Amino acid sequence: DIQKWEYVPLGPFCAKNFGTTISPWVVTLDALEPFRIKGYDQTNPKPLPYLQDDSKATYDITLSAAIKAKGMDEPSVISTTNFKYMYWTMKQQLTHHSSTGCNLRPGDLCASGTISGTEQSAYGSMLELTWRGSNPIKLS
């Protein structure tokens, strides 16, 4: 897992830039409006002034990941989490990313990264789910 090697000290940045795929479905922000909620209480760390935002800037969207290994009839769900667990909103991430002059253009793909909940069943990466490889994942 390249993420394990790469995540210290910068996080798994390059581990995602060579194998990214997107769904054939594009969900607009208008379609997500009914799921808009206020995010985390951002006190630790407190965002820099230009990133502070008290609006409803995140979404209550349940997410799950499943594995279907060869010979399995049905996929086995290994994680169920929620987008609301994101500490930094997408608006904050985009603002911060562009603050250094990044040449973002319409159509650029921006992703959330790992979304982990507070329970082990809601961890968002194989590294977390296996607790650095010490807990094997059991498939049903």
# chains A, B, ... in the order shown; residues from 1 in each chain; ligands from 1
>>> residues_around(residues="stretch 39-47 of chain A", least_positions_apart="3", cutoff="6 Å", atoms="only C-alpha atoms", output="list in words")
Leu51, Gln52, Thr58 and Tyr87 of chain A
>>> write_last_selection(atoms="all heavy atoms", output="compact mmCIF listing (two decimals), in the first residue's frame")
# COMPACT_ATOMS: atom_id res chain seq x y z
N LEU A 51 -10.27 31.17 5.89
CA LEU A 51 -10.95 29.89 5.74
C LEU A 51 -12.13 29.73 6.71
O LEU A 51 -12.85 28.75 6.63
CB LEU A 51 -9.96 28.74 5.97
CG LEU A 51 -8.87 28.59 4.92
CD1 LEU A 51 -7.86 27.54 5.35
CD2 LEU A 51 -9.46 28.26 3.57
N GLN A 52 -12.31 30.66 7.60
CA GLN A 52 -13.40 30.54 8.57
C GLN A 52 -14.75 30.72 7.88
O GLN A 52 -14.93 31.63 7.07
CB GLN A 52 -13.20 31.55 9.70
CG GLN A 52 -11.99 31.21 10.55
CD GLN A 52 -11.72 32.23 11.63
OE1 GLN A 52 -12.52 33.10 11.92
NE2 GLN A 52 -10.54 32.11 12.23
N THR A 58 -21.20 21.69 4.35
CA THR A 58 -20.87 20.29 4.07
C THR A 58 -22.17 19.52 3.85
O THR A 58 -23.25 20.11 3.81
CB THR A 58 -20.00 19.68 5.19
OG1 THR A 58 -19.40 18.47 4.70
CG2 THR A 58 -20.77 19.42 6.46
N TYR A 87 -13.44 17.23 8.23
CA TYR A 87 -13.14 18.39 9.07
C TYR A 87 -13.13 19.65 8.22
O TYR A 87 -13.68 20.67 8.60
CB TYR A 87 -11.79 18.20 9.78
CG TYR A 87 -11.53 19.28 10.82
CD1 TYR A 87 -12.03 19.14 12.09
CD2 TYR A 87 -10.82 20.43 10.50
CE1 TYR A 87 -11.83 20.12 13.05
CE2 TYR A 87 -10.61 21.42 11.44
CZ TYR A 87 -11.11 21.26 12.72
OH TYR A 87 -10.91 22.24 13.65
>>> residues_around(residues="stretch 107-124 of chain A", least_positions_apart="4", cutoff="9 Å", atoms="only C-alpha atoms", output="list in words")
Pro12, Phe13, Lys16, Leu63, Ser64, Ala65, Ile78, Ser79, Thr80, Thr81, Asn82, Phe83, Lys84, Tyr85, Met86, Trp88, Thr89, Met90, Gln93, Leu94, Glu128 and Leu129 of chain A
>>> write_last_selection(atoms="N, CA, C and O atoms", output="CSV table (one decimal), in the first residue's frame")
chain,number,residue,atom,x,y,z
A,12,PRO,N,-1.3,11.1,2.0
A,12,PRO,CA,-1.2,10.3,0.8
A,12,PRO,C,-1.6,11.1,-0.5
A,12,PRO,O,-2.6,10.9,-1.1
A,13,PHE,N,-0.7,12.0,-0.8
A,13,PHE,CA,-1.0,12.9,-2.0
A,13,PHE,C,-0.8,12.2,-3.3
A,13,PHE,O,-1.7,12.1,-4.1
A,16,LYS,N,-2.8,8.9,-4.9
A,16,LYS,CA,-4.1,8.9,-5.5
A,16,LYS,C,-4.1,9.5,-6.9
A,16,LYS,O,-5.0,9.6,-7.6
A,63,LEU,N,-21.7,7.0,2.8
A,63,LEU,CA,-20.8,6.4,1.9
A,63,LEU,C,-20.4,5.0,2.4
A,63,LEU,O,-20.3,4.8,3.6
A,64,SER,N,-20.2,4.1,1.5
A,64,SER,CA,-19.7,2.8,1.9
A,64,SER,C,-18.7,2.3,0.8
A,64,SER,O,-18.7,2.7,-0.3
A,65,ALA,N,-17.9,1.4,1.3
A,65,ALA,CA,-16.9,0.8,0.4
A,65,ALA,C,-17.0,-0.8,0.6
A,65,ALA,O,-17.2,-1.2,1.7
A,78,ILE,N,-16.8,-3.1,3.8
A,78,ILE,CA,-15.7,-3.0,4.8
A,78,ILE,C,-15.7,-1.7,5.5
A,78,ILE,O,-15.1,-1.6,6.5
A,79,SER,N,-16.5,-0.7,5.0
A,79,SER,CA,-16.6,0.6,5.7
A,79,SER,C,-17.9,1.3,5.3
A,79,SER,O,-18.3,1.3,4.2
A,80,THR,N,-18.5,1.9,6.3
A,80,THR,CA,-19.6,2.8,6.1
A,80,THR,C,-19.4,4.0,6.9
A,80,THR,O,-19.1,4.0,8.1
A,81,THR,N,-19.3,5.2,6.2
A,81,THR,CA,-19.0,6.4,6.8
A,81,THR,C,-19.9,7.5,6.3
A,81,THR,O,-21.0,7.2,5.7
A,82,ASN,N,-19.6,8.7,6.5
A,82,ASN,CA,-20.5,9.8,6.0
A,82,ASN,C,-19.6,11.0,5.7
A,82,ASN,O,-18.7,11.3,6.4
A,83,PHE,N,-20.0,11.7,4.7
A,83,PHE,CA,-19.3,12.9,4.2
A,83,PHE,C,-19.2,14.0,5.3
A,83,PHE,O,-18.3,14.8,5.3
A,84,LYS,N,-20.2,14.0,6.2
A,84,LYS,CA,-20.2,15.0,7.3
A,84,LYS,C,-19.0,14.9,8.2
A,84,LYS,O,-18.8,15.8,9.0
A,85,TYR,N,-18.3,13.8,8.2
A,85,TYR,CA,-17.1,13.7,9.0
A,85,TYR,C,-15.9,14.5,8.5
A,85,TYR,O,-14.9,14.5,9.2
A,86,MET,N,-16.0,15.1,7.4
A,86,MET,CA,-14.9,15.9,6.8
A,86,MET,C,-14.7,17.1,7.7
A,86,MET,O,-15.6,17.8,8.0
A,88,TRP,N,-12.5,19.6,7.1
A,88,TRP,CA,-12.4,20.7,6.2
A,88,TRP,C,-13.4,20.6,5.1
A,88,TRP,O,-13.5,19.5,4.5
A,89,THR,N,-14.2,21.6,4.8
A,89,THR,CA,-15.2,21.5,3.8
A,89,THR,C,-14.6,21.6,2.4
A,89,THR,O,-13.4,22.1,2.3
A,90,MET,N,-15.3,21.2,1.4
A,90,MET,CA,-14.8,21.3,0.1
A,90,MET,C,-14.5,22.8,-0.3
A,90,MET,O,-13.5,23.1,-1.0
A,93,GLN,N,-11.2,23.6,1.2
A,93,GLN,CA,-10.1,23.0,0.5
A,93,GLN,C,-9.8,23.7,-0.8
A,93,GLN,O,-8.7,23.9,-1.1
A,94,LEU,N,-10.9,24.0,-1.5
A,94,LEU,CA,-10.7,24.7,-2.8
A,94,LEU,C,-10.1,26.1,-2.6
A,94,LEU,O,-9.1,26.5,-3.3
A,128,GLU,N,-6.1,2.6,7.9
A,128,GLU,CA,-6.9,2.7,9.1
A,128,GLU,C,-7.7,1.4,9.5
A,128,GLU,O,-7.7,1.0,10.6
A,129,LEU,N,-8.4,0.9,8.5
A,129,LEU,CA,-9.2,-0.3,8.7
A,129,LEU,C,-8.4,-1.5,9.2
A,129,LEU,O,-8.9,-2.3,10.0
>>> select_by_dssp(residues="chain A", states="strand (DSSP E or B)", output="JSON, numbers by chain")
{"A": [36, 37, 58, 59, 62, 63, 64, 65, 66, 67, 76, 77, 78, 79, 80, 81, 82]}
>>> write_last_selection(atoms="C-alpha atoms", output="tab-separated table (two decimals), in the first residue's frame")
chain	number	residue	atom	x	y	z
A	36	ARG	CA	-26.47	20.46	3.16
A	37	ILE	CA	-25.57	20.70	6.87
A	58	THR	CA	-20.87	20.29	4.07
A	59	TYR	CA	-23.24	17.43	3.29
A	62	THR	CA	-23.72	8.14	3.63
A	63	LEU	CA	-20.82	6.43	1.88
A	64	SER	CA	-19.73	2.80	1.85
A	65	ALA	CA	-16.91	0.75	0.41
A	66	ALA	CA	-17.14	-2.93	-0.46
A	67	ILE	CA	-14.81	-5.61	-1.77
A	76	SER	CA	-18.52	-7.47	1.46
A	77	VAL	CA	-18.95	-3.99	2.94
A	78	ILE	CA	-15.75	-3.03	4.75
A	79	SER	CA	-16.58	0.57	5.68
A	80	THR	CA	-19.64	2.77	6.09
A	81	THR	CA	-18.98	6.44	6.78
A	82	ASN	CA	-20.48	9.83	6.04
>>> atom_distance(atom1="atom CA of A:Lys38", atom2="atom CA of A:Ser55")
6.4 Å
>>> select_by_dssp(residues="stretch 1-116 of chain A", states="alpha helix (DSSP H)", output="MDAnalysis selection string")
chainID A and resid 2:10 29:32 90:98
>>> write_last_selection(atoms="C-alpha atoms", output="short mmCIF file (atom, residue, chain, number, x, y, z; two decimals), in the first residue's frame")
data_model
loop_
_atom_site.label_atom_id
_atom_site.label_comp_id
_atom_site.auth_asym_id
_atom_site.auth_seq_id
_atom_site.Cartn_x
_atom_site.Cartn_y
_atom_site.Cartn_z
CA ILE A 2 1.74 3.15 -1.23
CA GLN A 3 -0.41 5.23 1.13
CA LYS A 4 1.32 3.70 4.16
CA TRP A 5 4.73 4.68 2.84
CA GLU A 6 3.71 8.14 1.68
CA TYR A 7 1.39 9.46 4.39
CA VAL A 8 4.16 10.64 6.74
CA PRO A 9 4.73 13.56 6.73
CA LEU A 10 2.53 14.92 3.93
CA LEU A 29 -24.33 21.03 -6.07
CA ASP A 30 -27.99 21.88 -6.70
CA ALA A 31 -28.85 18.19 -6.37
CA LEU A 32 -26.96 18.01 -3.06
CA MET A 90 -14.77 21.32 0.05
CA LYS A 91 -15.15 25.11 -0.09
CA GLN A 92 -12.28 25.49 2.38
CA GLN A 93 -10.12 22.97 0.51
CA LEU A 94 -10.68 24.72 -2.81
CA THR A 95 -10.01 28.14 -1.26
CA HIS A 96 -6.81 26.95 0.39
CA HIS A 97 -5.63 25.12 -2.72
CA SER A 98 -6.07 28.21 -4.89
#
